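K.L.:
You'll find start01.txt just under this line, and it carries compact mmCIF, C-alpha atoms and all ligand atoms.
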# COMPACT_ATOMS: atom_id res chain seq x y z
CA MET A 28 -42.69 -35.76 -22.99
CA GLU A 29 -42.37 -37.97 -19.89
CA LEU A 30 -46.04 -38.82 -19.55
CA PHE A 31 -46.09 -40.36 -16.07
CA GLU A 32 -43.95 -37.56 -14.69
CA TYR A 33 -46.45 -35.06 -16.08
CA LEU A 34 -49.40 -37.06 -14.71
CA ASP A 35 -47.72 -37.12 -11.32
CA ARG A 36 -46.89 -33.40 -11.31
CA TYR A 37 -50.48 -32.35 -11.96
CA GLN A 38 -52.13 -35.35 -10.31
CA TYR A 39 -54.01 -36.87 -13.23
CA GLU A 40 -55.97 -40.03 -12.58
CA GLN A 41 -56.34 -41.71 -15.94
CA VAL A 42 -55.44 -41.36 -19.61
CA VAL A 43 -57.21 -43.64 -22.05
CA PHE A 44 -56.08 -44.06 -25.65
CA ILE A 45 -58.98 -45.20 -27.81
CA HIS A 46 -58.63 -46.80 -31.21
CA ASP A 47 -61.03 -48.45 -33.62
CA ARG A 48 -59.57 -49.56 -36.92
CA PRO A 49 -62.77 -49.97 -39.02
CA SER A 50 -64.04 -46.46 -38.28
CA GLY A 51 -60.60 -44.86 -38.07
CA LEU A 52 -61.23 -43.58 -34.54
CA ARG A 53 -58.12 -42.37 -32.80
CA GLY A 54 -58.71 -40.49 -29.62
CA ILE A 55 -57.69 -39.78 -26.07
CA ILE A 56 -59.90 -39.47 -23.00
CA VAL A 57 -58.30 -37.81 -20.00
CA ILE A 58 -59.76 -37.95 -16.51
CA HIS A 59 -57.94 -35.45 -14.33
CA ASP A 60 -59.64 -35.57 -10.95
CA THR A 61 -62.86 -37.17 -9.72
CA THR A 62 -62.76 -36.12 -6.06
CA LEU A 63 -65.95 -34.09 -6.44
CA GLY A 64 -67.75 -36.36 -8.89
CA PRO A 65 -67.61 -37.80 -12.39
CA ALA A 66 -65.29 -36.03 -14.79
CA LEU A 67 -67.34 -33.82 -17.12
CA GLY A 68 -65.79 -32.31 -20.21
CA GLY A 69 -66.49 -31.91 -23.89
CA CYS A 70 -65.28 -34.01 -26.78
CA ARG A 71 -63.20 -32.02 -29.26
CA MET A 72 -62.51 -33.16 -32.81
CA TRP A 73 -59.54 -31.44 -34.36
CA ASN A 74 -56.95 -31.92 -37.07
CA TYR A 75 -54.01 -32.14 -34.66
CA ALA A 76 -50.56 -31.90 -36.23
CA ASN A 77 -49.43 -34.97 -34.28
CA GLU A 78 -50.28 -37.25 -31.35
CA GLU A 79 -48.34 -35.22 -28.81
CA GLU A 80 -50.30 -32.08 -29.66
CA ALA A 81 -53.56 -34.00 -29.18
CA LEU A 82 -52.41 -35.45 -25.87
CA ILE A 83 -51.23 -32.08 -24.51
CA ASP A 84 -54.53 -30.46 -25.52
CA ALA A 85 -56.56 -33.19 -23.80
CA LEU A 86 -54.43 -33.04 -20.65
CA ARG A 87 -54.58 -29.25 -20.41
CA LEU A 88 -58.31 -29.04 -21.08
CA ALA A 89 -59.19 -31.85 -18.64
CA ARG A 90 -57.30 -30.17 -15.81
CA GLY A 91 -58.97 -26.87 -16.67
CA MET A 92 -62.36 -28.54 -16.29
CA THR A 93 -61.47 -29.78 -12.78
CA TYR A 94 -60.75 -26.22 -11.71
CA LYS A 95 -63.76 -24.72 -13.47
CA SER A 96 -66.28 -27.19 -12.01
CA ALA A 97 -64.72 -27.20 -8.54
CA ALA A 98 -64.74 -23.41 -8.32
CA ALA A 99 -68.30 -23.28 -9.67
CA GLY A 100 -69.48 -25.38 -6.72
CA LEU A 101 -70.46 -28.33 -8.93
CA ASN A 102 -70.15 -31.94 -7.83
CA LEU A 103 -68.14 -32.78 -10.89
CA GLY A 104 -64.56 -33.59 -11.69
CA GLY A 105 -62.58 -32.63 -14.78
CA GLY A 106 -62.13 -34.57 -17.98
CA LYS A 107 -61.88 -34.11 -21.71
CA ALA A 108 -61.86 -36.19 -24.85
CA VAL A 109 -60.15 -35.44 -28.12
CA ILE A 110 -60.65 -37.20 -31.42
CA MET A 111 -57.88 -36.79 -33.97
CA GLY A 112 -59.22 -35.99 -37.42
CA ASP A 113 -60.91 -33.46 -39.63
CA PRO A 114 -64.32 -32.61 -38.16
CA LYS A 115 -65.64 -31.74 -41.63
CA THR A 116 -64.65 -34.94 -43.43
CA GLY A 117 -63.59 -37.45 -40.77
CA LYS A 118 -66.84 -38.12 -38.93
CA SER A 119 -69.05 -41.14 -39.48
CA GLU A 120 -71.76 -42.92 -37.55
CA ALA A 121 -69.32 -45.76 -36.86
CA LEU A 122 -66.65 -43.42 -35.48
CA LEU A 123 -69.07 -41.58 -33.20
CA ARG A 124 -70.66 -44.81 -31.95
CA ALA A 125 -67.25 -46.34 -31.33
CA PHE A 126 -66.40 -43.27 -29.28
CA GLY A 127 -69.68 -43.68 -27.37
CA ARG A 128 -68.86 -47.29 -26.53
CA PHE A 129 -65.49 -46.30 -25.09
CA VAL A 130 -67.19 -43.62 -22.98
CA GLN A 131 -69.71 -46.19 -21.76
CA GLY A 132 -66.82 -48.51 -20.94
CA LEU A 133 -65.55 -46.00 -18.41
CA GLY A 134 -68.67 -46.72 -16.37
CA GLY A 135 -69.60 -43.11 -15.67
CA ARG A 136 -66.18 -41.89 -14.56
CA TYR A 137 -66.27 -39.60 -17.61
CA ILE A 138 -69.31 -37.71 -18.96
CA THR A 139 -68.95 -36.34 -22.45
CA ALA A 140 -70.42 -33.23 -24.11
CA GLU A 141 -70.06 -31.08 -27.21
CA ASP A 142 -66.93 -29.10 -27.92
CA VAL A 143 -65.15 -27.65 -30.93
CA GLY A 144 -65.82 -29.75 -34.04
CA VAL A 145 -68.64 -31.77 -32.47
CA SER A 146 -72.32 -30.88 -32.80
CA VAL A 147 -75.57 -31.75 -31.03
CA ALA A 148 -76.41 -34.06 -33.95
CA ASP A 149 -73.09 -35.89 -33.40
CA MET A 150 -73.84 -36.18 -29.69
CA ASP A 151 -77.20 -37.76 -30.53
CA ILE A 152 -75.31 -40.51 -32.33
CA VAL A 153 -72.83 -40.94 -29.47
CA HIS A 154 -75.85 -41.16 -27.16
CA MET A 155 -76.94 -44.37 -28.94
CA GLU A 156 -74.02 -46.06 -27.19
CA THR A 157 -73.64 -44.28 -23.89
CA ASP A 158 -75.72 -42.90 -21.03
CA PHE A 159 -72.84 -40.73 -19.84
CA ILE A 160 -73.48 -37.74 -22.02
CA THR A 161 -74.91 -34.21 -21.95
CA GLY A 162 -75.79 -31.79 -24.73
CA VAL A 163 -78.00 -34.14 -26.74
CA SER A 164 -81.20 -32.91 -28.37
CA GLY A 165 -84.65 -33.48 -26.88
CA GLY A 166 -86.76 -32.40 -23.95
CA ASN A 167 -84.05 -32.51 -21.30
CA SER A 168 -81.55 -30.62 -23.44
CA SER A 169 -79.89 -27.59 -21.88
CA GLY A 170 -79.56 -26.04 -25.34
CA ASP A 171 -77.16 -23.25 -26.26
CA PRO A 172 -75.19 -22.38 -23.11
CA SER A 173 -74.22 -18.90 -24.32
CA PRO A 174 -77.08 -16.89 -22.76
CA VAL A 175 -76.40 -18.53 -19.38
CA THR A 176 -72.68 -17.86 -19.76
CA ALA A 177 -73.42 -14.20 -20.56
CA TYR A 178 -75.76 -13.99 -17.56
CA GLY A 179 -73.00 -15.33 -15.29
CA VAL A 180 -70.43 -12.92 -16.76
CA TRP A 181 -72.84 -10.03 -16.19
CA HIS A 182 -73.15 -10.98 -12.51
CA GLY A 183 -69.37 -11.31 -12.32
CA ILE A 184 -68.94 -7.82 -13.76
CA LYS A 185 -71.30 -6.47 -11.10
CA ALA A 186 -69.21 -8.14 -8.40
CA CYS A 187 -66.12 -6.43 -9.85
CA ALA A 188 -67.94 -3.09 -9.83
CA HIS A 189 -68.89 -3.67 -6.20
CA LYS A 190 -65.26 -4.33 -5.31
CA ALA A 191 -63.83 -1.46 -7.33
CA TRP A 192 -66.43 1.24 -6.75
CA GLY A 193 -68.53 0.03 -3.79
CA SER A 194 -71.69 -0.35 -5.88
CA ASP A 195 -73.08 -2.92 -8.31
CA SER A 196 -74.48 -0.21 -10.51
CA LEU A 197 -73.00 -0.05 -14.00
CA ALA A 198 -75.01 2.99 -15.08
CA GLY A 199 -72.83 5.49 -16.90
CA LYS A 200 -69.81 3.16 -17.02
CA THR A 201 -67.99 2.49 -20.27
CA VAL A 202 -67.41 -1.13 -21.27
CA ALA A 203 -65.04 -2.00 -24.13
CA LEU A 204 -66.37 -5.30 -25.45
CA GLN A 205 -64.22 -7.51 -27.67
CA GLY A 206 -66.15 -10.15 -29.61
CA LEU A 207 -69.85 -10.02 -30.45
CA GLY A 208 -70.46 -13.73 -30.90
CA HIS A 209 -72.86 -15.95 -28.99
CA VAL A 210 -71.80 -14.71 -25.56
CA GLY A 211 -70.62 -11.20 -26.41
CA TYR A 212 -73.91 -10.26 -28.06
CA GLU A 213 -76.01 -11.53 -25.14
CA LEU A 214 -73.75 -9.71 -22.71
CA ALA A 215 -74.01 -6.49 -24.71
CA LYS A 216 -77.81 -6.63 -24.37
CA LEU A 217 -77.63 -7.10 -20.59
CA LEU A 218 -75.12 -4.27 -20.21
CA LYS A 219 -77.17 -1.94 -22.37
CA LYS A 220 -80.18 -2.42 -20.06
CA ASP A 221 -77.93 -1.32 -17.19
CA GLY A 222 -77.25 2.01 -18.87
CA VAL A 223 -73.71 1.18 -19.91
CA ARG A 224 -71.91 3.04 -22.71
CA LEU A 225 -70.74 0.27 -25.03
CA VAL A 226 -67.64 0.45 -27.23
CA VAL A 227 -67.48 -2.74 -29.27
CA THR A 228 -65.34 -4.55 -31.79
CA ASP A 229 -65.38 -7.75 -33.83
CA ILE A 230 -63.50 -9.02 -36.87
CA ASP A 231 -66.89 -9.67 -38.43
CA PRO A 232 -68.23 -6.27 -39.66
CA GLU A 233 -71.80 -7.60 -39.87
CA ARG A 234 -71.90 -8.33 -36.16
CA VAL A 235 -70.56 -4.88 -35.38
CA HIS A 236 -73.13 -3.32 -37.64
CA ALA A 237 -75.98 -5.27 -36.00
CA VAL A 238 -74.94 -4.30 -32.47
CA ARG A 239 -74.49 -0.67 -33.44
CA ALA A 240 -77.94 -0.58 -34.99
CA GLU A 241 -79.72 -2.51 -32.24
CA LEU A 242 -77.97 -1.22 -29.13
CA GLY A 243 -76.55 2.10 -30.22
CA ALA A 244 -73.02 0.96 -29.43
CA GLU A 245 -69.92 2.80 -30.64
CA ALA A 246 -67.41 0.72 -32.58
CA VAL A 247 -63.63 0.63 -33.02
CA ALA A 248 -61.33 -1.49 -35.20
CA PRO A 249 -60.24 -4.81 -33.60
CA GLU A 250 -56.63 -3.64 -33.18
CA ASP A 251 -57.75 -0.47 -31.35
CA ILE A 252 -59.88 -2.02 -28.59
CA TRP A 253 -56.93 -2.10 -26.18
CA ASP A 254 -56.50 1.66 -26.25
CA VAL A 255 -60.12 2.59 -25.55
CA PRO A 256 -60.40 4.63 -22.33
CA CYS A 257 -63.03 2.68 -20.38
CA ASP A 258 -64.00 1.41 -16.96
CA ILE A 259 -64.20 -2.27 -17.93
CA PHE A 260 -62.52 -4.23 -20.68
CA SER A 261 -64.52 -7.36 -21.49
CA PRO A 262 -62.74 -9.97 -23.65
CA CYS A 263 -65.35 -12.25 -25.24
CA ALA A 264 -63.49 -13.50 -28.30
CA LEU A 265 -60.20 -15.37 -28.11
CA GLY A 266 -57.74 -16.67 -25.54
CA ALA A 267 -54.28 -15.27 -24.70
CA VAL A 268 -55.48 -11.69 -25.19
CA LEU A 269 -53.86 -10.51 -21.96
CA ASN A 270 -50.13 -10.48 -22.63
CA ASP A 271 -46.93 -8.42 -22.70
CA ASP A 272 -48.14 -6.39 -25.68
CA THR A 273 -51.72 -5.68 -24.61
CA ILE A 274 -51.61 -5.22 -20.82
CA PRO A 275 -49.53 -1.99 -20.97
CA ARG A 276 -52.07 -0.56 -23.43
CA LEU A 277 -55.19 -1.20 -21.33
CA ARG A 278 -56.92 1.93 -20.06
CA CYS A 279 -59.46 0.29 -17.74
CA GLN A 280 -59.86 -0.52 -14.06
CA ILE A 281 -61.44 -3.93 -14.52
CA VAL A 282 -60.94 -6.84 -16.92
CA ALA A 283 -63.95 -9.17 -16.90
CA GLY A 284 -65.14 -11.22 -19.85
CA ALA A 285 -66.16 -14.63 -21.14
CA ALA A 286 -63.16 -15.77 -23.19
CA ASN A 287 -61.33 -18.90 -22.06
CA ASN A 288 -57.64 -18.79 -21.14
CA GLN A 289 -57.35 -15.01 -21.31
CA LEU A 290 -53.88 -14.83 -19.76
CA ARG A 291 -51.16 -15.80 -22.23
CA GLU A 292 -48.90 -16.87 -19.36
CA GLU A 293 -49.32 -17.16 -15.60
CA LYS A 294 -47.19 -14.05 -15.01
CA HIS A 295 -49.79 -11.90 -16.76
CA GLY A 296 -52.14 -12.23 -13.79
CA GLN A 297 -49.48 -10.57 -11.65
CA MET A 298 -48.84 -7.99 -14.36
CA LEU A 299 -52.49 -6.90 -14.21
CA LYS A 300 -52.30 -6.70 -10.43
CA ASP A 301 -49.15 -4.58 -10.64
CA ARG A 302 -50.96 -2.19 -12.99
CA GLY A 303 -53.79 -1.90 -10.44
CA ILE A 304 -56.29 -3.58 -12.77
CA LEU A 305 -58.85 -5.84 -11.12
CA TYR A 306 -59.00 -9.10 -13.07
CA ALA A 307 -61.98 -11.47 -12.87
CA PRO A 308 -60.39 -14.88 -13.55
CA ASP A 309 -61.83 -16.39 -16.72
CA PHE A 310 -62.82 -19.84 -15.48
CA ILE A 311 -64.70 -18.35 -12.54
CA ILE A 312 -66.64 -15.71 -14.45
CA ASN A 313 -67.43 -17.85 -17.52
CA ALA A 314 -68.64 -20.93 -15.61
CA GLY A 315 -72.26 -20.33 -16.64
CA GLY A 316 -71.78 -22.67 -19.59
CA VAL A 317 -70.68 -25.65 -17.52
CA ILE A 318 -73.27 -24.83 -14.85
CA ASN A 319 -75.91 -24.96 -17.58
CA VAL A 320 -74.80 -28.27 -19.03
CA ALA A 321 -74.30 -29.83 -15.58
CA ASP A 322 -77.91 -29.01 -14.77
CA GLU A 323 -78.94 -31.54 -17.42
CA LEU A 324 -77.66 -34.30 -15.15
CA GLU A 325 -80.42 -33.46 -12.66
CA GLY A 326 -83.16 -32.99 -15.31
CA TYR A 327 -82.70 -29.62 -16.94
CA ASP A 328 -84.35 -26.64 -15.27
CA ARG A 329 -83.51 -23.30 -16.93
CA GLN A 330 -84.45 -21.17 -13.91
CA ARG A 331 -82.27 -23.27 -11.61
CA ALA A 332 -79.36 -23.00 -14.08
CA LEU A 333 -79.73 -19.21 -14.16
CA ARG A 334 -79.93 -19.05 -10.36
CA LYS A 335 -76.72 -21.04 -10.07
CA ALA A 336 -75.03 -18.85 -12.69
CA ALA A 337 -75.98 -15.78 -10.65
CA GLY A 338 -73.87 -17.31 -7.84
CA ILE A 339 -70.82 -16.28 -9.88
CA TYR A 340 -71.23 -12.88 -8.19
CA ASP A 341 -70.36 -14.34 -4.77
CA ARG A 342 -67.65 -16.56 -6.17
CA ILE A 343 -65.85 -13.62 -7.75
CA LEU A 344 -65.94 -11.80 -4.41
CA GLN A 345 -64.62 -14.96 -2.73
CA VAL A 346 -61.68 -15.00 -5.17
CA PHE A 347 -60.91 -11.35 -4.43
CA ALA A 348 -61.00 -12.11 -0.69
CA ILE A 349 -58.52 -15.00 -1.12
CA ALA A 350 -56.25 -12.76 -3.23
CA GLU A 351 -56.21 -10.17 -0.45
CA ARG A 352 -55.83 -12.74 2.31
CA ASP A 353 -52.80 -14.35 0.66
CA GLY A 354 -51.35 -11.28 -1.13
CA ILE A 355 -51.56 -12.98 -4.53
CA SER A 356 -53.04 -12.20 -7.93
CA THR A 357 -56.70 -12.96 -8.48
CA ALA A 358 -55.68 -15.55 -11.11
CA VAL A 359 -53.69 -17.53 -8.54
CA ALA A 360 -56.49 -17.00 -6.00
CA ALA A 361 -58.96 -18.62 -8.41
CA ASP A 362 -56.81 -21.76 -8.54
CA ARG A 363 -56.62 -21.72 -4.77
CA LEU A 364 -60.41 -21.51 -4.44
CA ALA A 365 -60.78 -24.67 -6.56
CA GLU A 366 -57.94 -26.49 -4.79
CA GLU A 367 -59.32 -25.62 -1.35
CA ARG A 368 -62.74 -27.02 -2.26
CA ILE A 369 -61.24 -30.27 -3.57
CA ARG A 370 -59.06 -30.63 -0.46
CA MET A 371 -62.01 -29.90 1.83
CA MET A 372 -64.15 -32.52 0.09
CA LYS A 373 -61.37 -35.11 0.33
CA GLU A 374 -61.46 -34.62 4.09
CA VAL A 375 -65.27 -34.67 4.30
CA ARG A 376 -65.35 -37.90 2.28
CA SER A 377 -63.04 -39.55 4.78
CA ILE A 378 -65.99 -39.67 7.21
CA TYR A 379 -67.39 -43.18 7.15
CA VAL A 380 -70.95 -43.66 5.89
CA HIS A 381 -72.52 -47.09 5.78
CA LYS A 382 -74.54 -46.82 2.60
CA GLU A 383 -73.45 -45.66 -0.83
CA ARG A 384 -75.43 -42.62 -1.88
CA LYS A 385 -76.15 -41.34 -5.38
CA PRO A 386 -72.96 -41.22 -7.48
CA GLY A 387 -71.23 -37.89 -7.17
CA LEU A 388 -72.58 -37.11 -3.73
P1 LIG B 401 -68.31 -17.15 -30.88
O1 LIG B 401 -67.43 -17.87 -31.85
O2 LIG B 401 -69.78 -17.19 -31.06
O3 LIG B 401 -67.89 -15.60 -30.80
C1 LIG B 401 -66.59 -15.14 -30.87
C2 LIG B 401 -66.63 -13.79 -31.57
O4 LIG B 401 -65.33 -13.20 -31.49
C3 LIG B 401 -66.98 -13.88 -33.06
O5 LIG B 401 -68.00 -12.94 -33.35
C4 LIG B 401 -65.66 -13.55 -33.76
O6 LIG B 401 -65.85 -12.92 -35.01
C5 LIG B 401 -65.03 -12.62 -32.75
N1 LIG B 401 -63.57 -12.49 -32.87
C6 LIG B 401 -62.65 -13.43 -33.19
N2 LIG B 401 -61.43 -12.88 -33.20
C7 LIG B 401 -61.57 -11.61 -32.86
C8 LIG B 401 -60.64 -10.53 -32.70
N3 LIG B 401 -59.34 -10.69 -32.88
N4 LIG B 401 -61.13 -9.32 -32.36
C9 LIG B 401 -62.45 -9.13 -32.18
N5 LIG B 401 -63.37 -10.11 -32.31
C10 LIG B 401 -62.92 -11.32 -32.67
O7 LIG B 401 -67.89 -17.71 -29.45
P2 LIG B 401 -68.71 -17.59 -28.08
O8 LIG B 401 -69.46 -18.83 -27.86
O9 LIG B 401 -69.39 -16.28 -28.01
O10 LIG B 401 -67.51 -17.60 -27.03
C11 LIG B 401 -66.68 -16.48 -26.84
C12 LIG B 401 -65.54 -16.82 -25.87
O11 LIG B 401 -66.10 -17.24 -24.62
C13 LIG B 401 -64.65 -17.98 -26.34
O12 LIG B 401 -63.34 -17.74 -25.85
C14 LIG B 401 -65.24 -19.18 -25.63
O13 LIG B 401 -64.28 -20.19 -25.43
C15 LIG B 401 -65.64 -18.55 -24.30
N6 LIG B 401 -66.72 -19.27 -23.61
C16 LIG B 401 -67.92 -19.46 -24.21
C17 LIG B 401 -68.93 -20.13 -23.53
C18 LIG B 401 -70.28 -20.32 -24.17
O14 LIG B 401 -71.23 -20.67 -23.45
N7 LIG B 401 -70.44 -20.10 -25.45
C19 LIG B 401 -68.71 -20.61 -22.23
C20 LIG B 401 -67.48 -20.38 -21.63
C21 LIG B 401 -66.47 -19.72 -22.33
Just give me the structure as structure tokens.
Ligand code: NAD
P.N.:
Amino acid sequence: MELFEYLDRYQYEQVVFIHDRPSGLRGIIVIHDTTLGPALGGCRMWNYANEEEALIDALRLARGMTYKSAAAGLNLGGGKAVIMGDPKTGKSEALLRAFGRFVQGLGGRYITAEDVGVSVADMDIVHMETDFITGVSGGNSSGDPSPVTAYGVWHGIKACAHKAWGSDSLAGKTVALQGLGHVGYELAKLLKKDGVRLVVTDIDPERVHAVRAELGAEAVAPEDIWDVPCDIFSPCALGAVLNDDTIPRLRCQIVAGAANNQLREEKHGQMLKDRGILYAPDFIINAGGVINVADELEGYDRQRALRKAAGIYDRILQVFAIAERDGISTAVAADRLAEERIRMMKEVRSIYVHKERKPGL
């Protein structure tokens, strides 16, 4: 991989390799773009097969965060950290504190948070060494983001309904819901209140059983969810679920769910459009999580976080308007929404002001 060529192509600002021999820390912090503010993104600890895999993951995830935060209207850039190692056996106080010191050394250009393999308890240790952190325990903690994510997805689904059927009402609609985890379960409860007929699936039979009992949902086997005749398919489990095999099987008018990176490849956004299926781009509709954690930076206020997550309704409609304006898929339109905001802010920032204001503004 030609690193600088890649950095140039996607306009990365900074890649930092971090290493601490005594604790065994080997990691990479990537700052993609800080036009809108400090780069916020979680720290992932993972048993990567090799260094290149770790680097590619960090690069891809950092860029994704730029787009997600920009499109969500946050004054934050995109970044990500990865630590190479087994999250079950490789963590120690020394390793986490060493990581924290490297984050502090970046002077606030990067703000870290939890991600796969890293817990709130770990973040509390990292916090001993850095101020540039979210997702720690205590009074200002934003807590589990999943209910806020689900709330944002629910508003996004209503925006899709408005576009497709001219009304926000979901009463009597059928939603095929894949994944009944933290977000999927919360979303199921919100949809049920709306009078939706729920058809659900999960690889964990206990979760399916619980949702059937509590919400009166119907259930299908995981491999059958694609074929369910429904109004809305809501992927809330894994990524890459929209692909050459699954898109032809879908029997819905709308795809709108919480999962990250739903399209296996870029072309699958166009494939959905060609099938006449309205797709709510994942990083727009699932931004409730980052909105929630970003609120911590201002002193966490749950009601404000929920209000901002409700704004996903308007943002989804904005994406659909861009798609129509430019004759492109909604997936490409979502990128354009983020890019337009970054470009606009670059221009606004070129106006001279005498005094430095709060960082990020
Ligand atoms: P989770 O791990 O709590 O839930 C995922 C659920 O999907 C589990 O119940 C799992 O058993 C099920 N699942 C896995 N494979 C499946 C399959 N093949 N078929 C059916 N079900 C399957 O995760 P979560 O926090 O609810 O997140 C769900 C998705 O939303 C993920 O893609 C995540 O990246 C994304 N997301 C979550 C948040 C958040 O706030 N938690 C924010 C943004 C995006």
K.L.:
Rank nothing, just name the residue among A:Gly206, A:Gly266, A:Gly165, A:Gly135 nearest to A:Ala66, using only C-alpha atoms.
P.N.:
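Looking only at the distances to A:Ala66, the closest residue turns out to be A:Gly135.
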K.L.:
Suppose you want the space between atom CA of A:Pro256 and atom CA of A:Ser194; what is it in Å?
P.N.:
20.6 Å
K.L.:
What is the atom CA of A:Ala248-atom CA of A:Asp229 distance in Å, reported with one decimal?
P.N.:
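For atom CA of A:Ala248 relative to atom CA of A:Asp229, the distance reads 7.6 Å.
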K.L.:
Pick from A:Asp171, A:Asp113, A:Asp35, A:Asp149: nearest to ligand LIG 401 (chain B), with all atoms listed in the file counted?
P.N.:
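For ligand LIG 401 (chain B), the nearest of the candidates is A:Asp171.
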K.L.:
Do you have the atom CA of A:Leu30-atom CA of A:Gly134 distance handy?
P.N.:
24.2 Å
K.L.:
May I ask which of the residues A:Glu292, A:Glu78, A:Asp328, A:Asp258 is the closest one to A:Ala191, counting only C-alpha atoms?
P.N.:
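Ranked by minimum distance to A:Ala191, first place goes to A:Asp258.
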K.L.:
Within 6 Å of ligand LIG 401 (chain B), which residues of chain A come that close, and what is the closest atom pair and distance in Å for each? Count all atoms listed in the file and give it as JSON lines.
P.N.:
{"residue": "A:Pro172", "atom": "CA", "partner": "B:LIG401", "partner_atom": "O14", "distance": 4.3}
{"residue": "A:Ser173", "atom": "CA", "partner": "B:LIG401", "partner_atom": "O14", "distance": 3.6}
{"residue": "A:Thr176", "atom": "CA", "partner": "B:LIG401", "partner_atom": "O14", "distance": 4.9}
{"residue": "A:Gln205", "atom": "CA", "partner": "B:LIG401", "partner_atom": "C9", "distance": 5.1}
{"residue": "A:Gly206", "atom": "CA", "partner": "B:LIG401", "partner_atom": "O4", "distance": 3.7}
{"residue": "A:Leu207", "atom": "CA", "partner": "B:LIG401", "partner_atom": "O5", "distance": 4.5}
{"residue": "A:Gly208", "atom": "CA", "partner": "B:LIG401", "partner_atom": "O3", "distance": 3.2}
{"residue": "A:His209", "atom": "CA", "partner": "B:LIG401", "partner_atom": "O9", "distance": 3.6}
{"residue": "A:Val210", "atom": "CA", "partner": "B:LIG401", "partner_atom": "O9", "distance": 3.8}
{"residue": "A:Gly211", "atom": "CA", "partner": "B:LIG401", "partner_atom": "O9", "distance": 5.5}
{"residue": "A:Thr228", "atom": "CA", "partner": "B:LIG401", "partner_atom": "C9", "distance": 5.4}
{"residue": "A:Asp229", "atom": "CA", "partner": "B:LIG401", "partner_atom": "N5", "distance": 3.5}
{"residue": "A:Ile230", "atom": "CA", "partner": "B:LIG401", "partner_atom": "N5", "distance": 4.7}
{"residue": "A:Asp231", "atom": "CA", "partner": "B:LIG401", "partner_atom": "O6", "distance": 4.8}
{"residue": "A:Pro249", "atom": "CA", "partner": "B:LIG401", "partner_atom": "N4", "distance": 4.8}
{"residue": "A:Cys263", "atom": "CA", "partner": "B:LIG401", "partner_atom": "C12", "distance": 4.6}
{"residue": "A:Ala264", "atom": "CA", "partner": "B:LIG401", "partner_atom": "O4", "distance": 3.7}
{"residue": "A:Leu265", "atom": "CA", "partner": "B:LIG401", "partner_atom": "O12", "distance": 4.5}
{"residue": "A:Gly266", "atom": "CA", "partner": "B:LIG401", "partner_atom": "O12", "distance": 5.7}
{"residue": "A:Ala285", "atom": "CA", "partner": "B:LIG401", "partner_atom": "O11", "distance": 4.4}
{"residue": "A:Ala286", "atom": "CA", "partner": "B:LIG401", "partner_atom": "O12", "distance": 3.3}
{"residue": "A:Asn287", "atom": "CA", "partner": "B:LIG401", "partner_atom": "O12", "distance": 4.4}
{"residue": "A:Asn313", "atom": "CA", "partner": "B:LIG401", "partner_atom": "C20", "distance": 4.8}
{"residue": "A:Gly316", "atom": "CA", "partner": "B:LIG401", "partner_atom": "O14", "distance": 4.4}
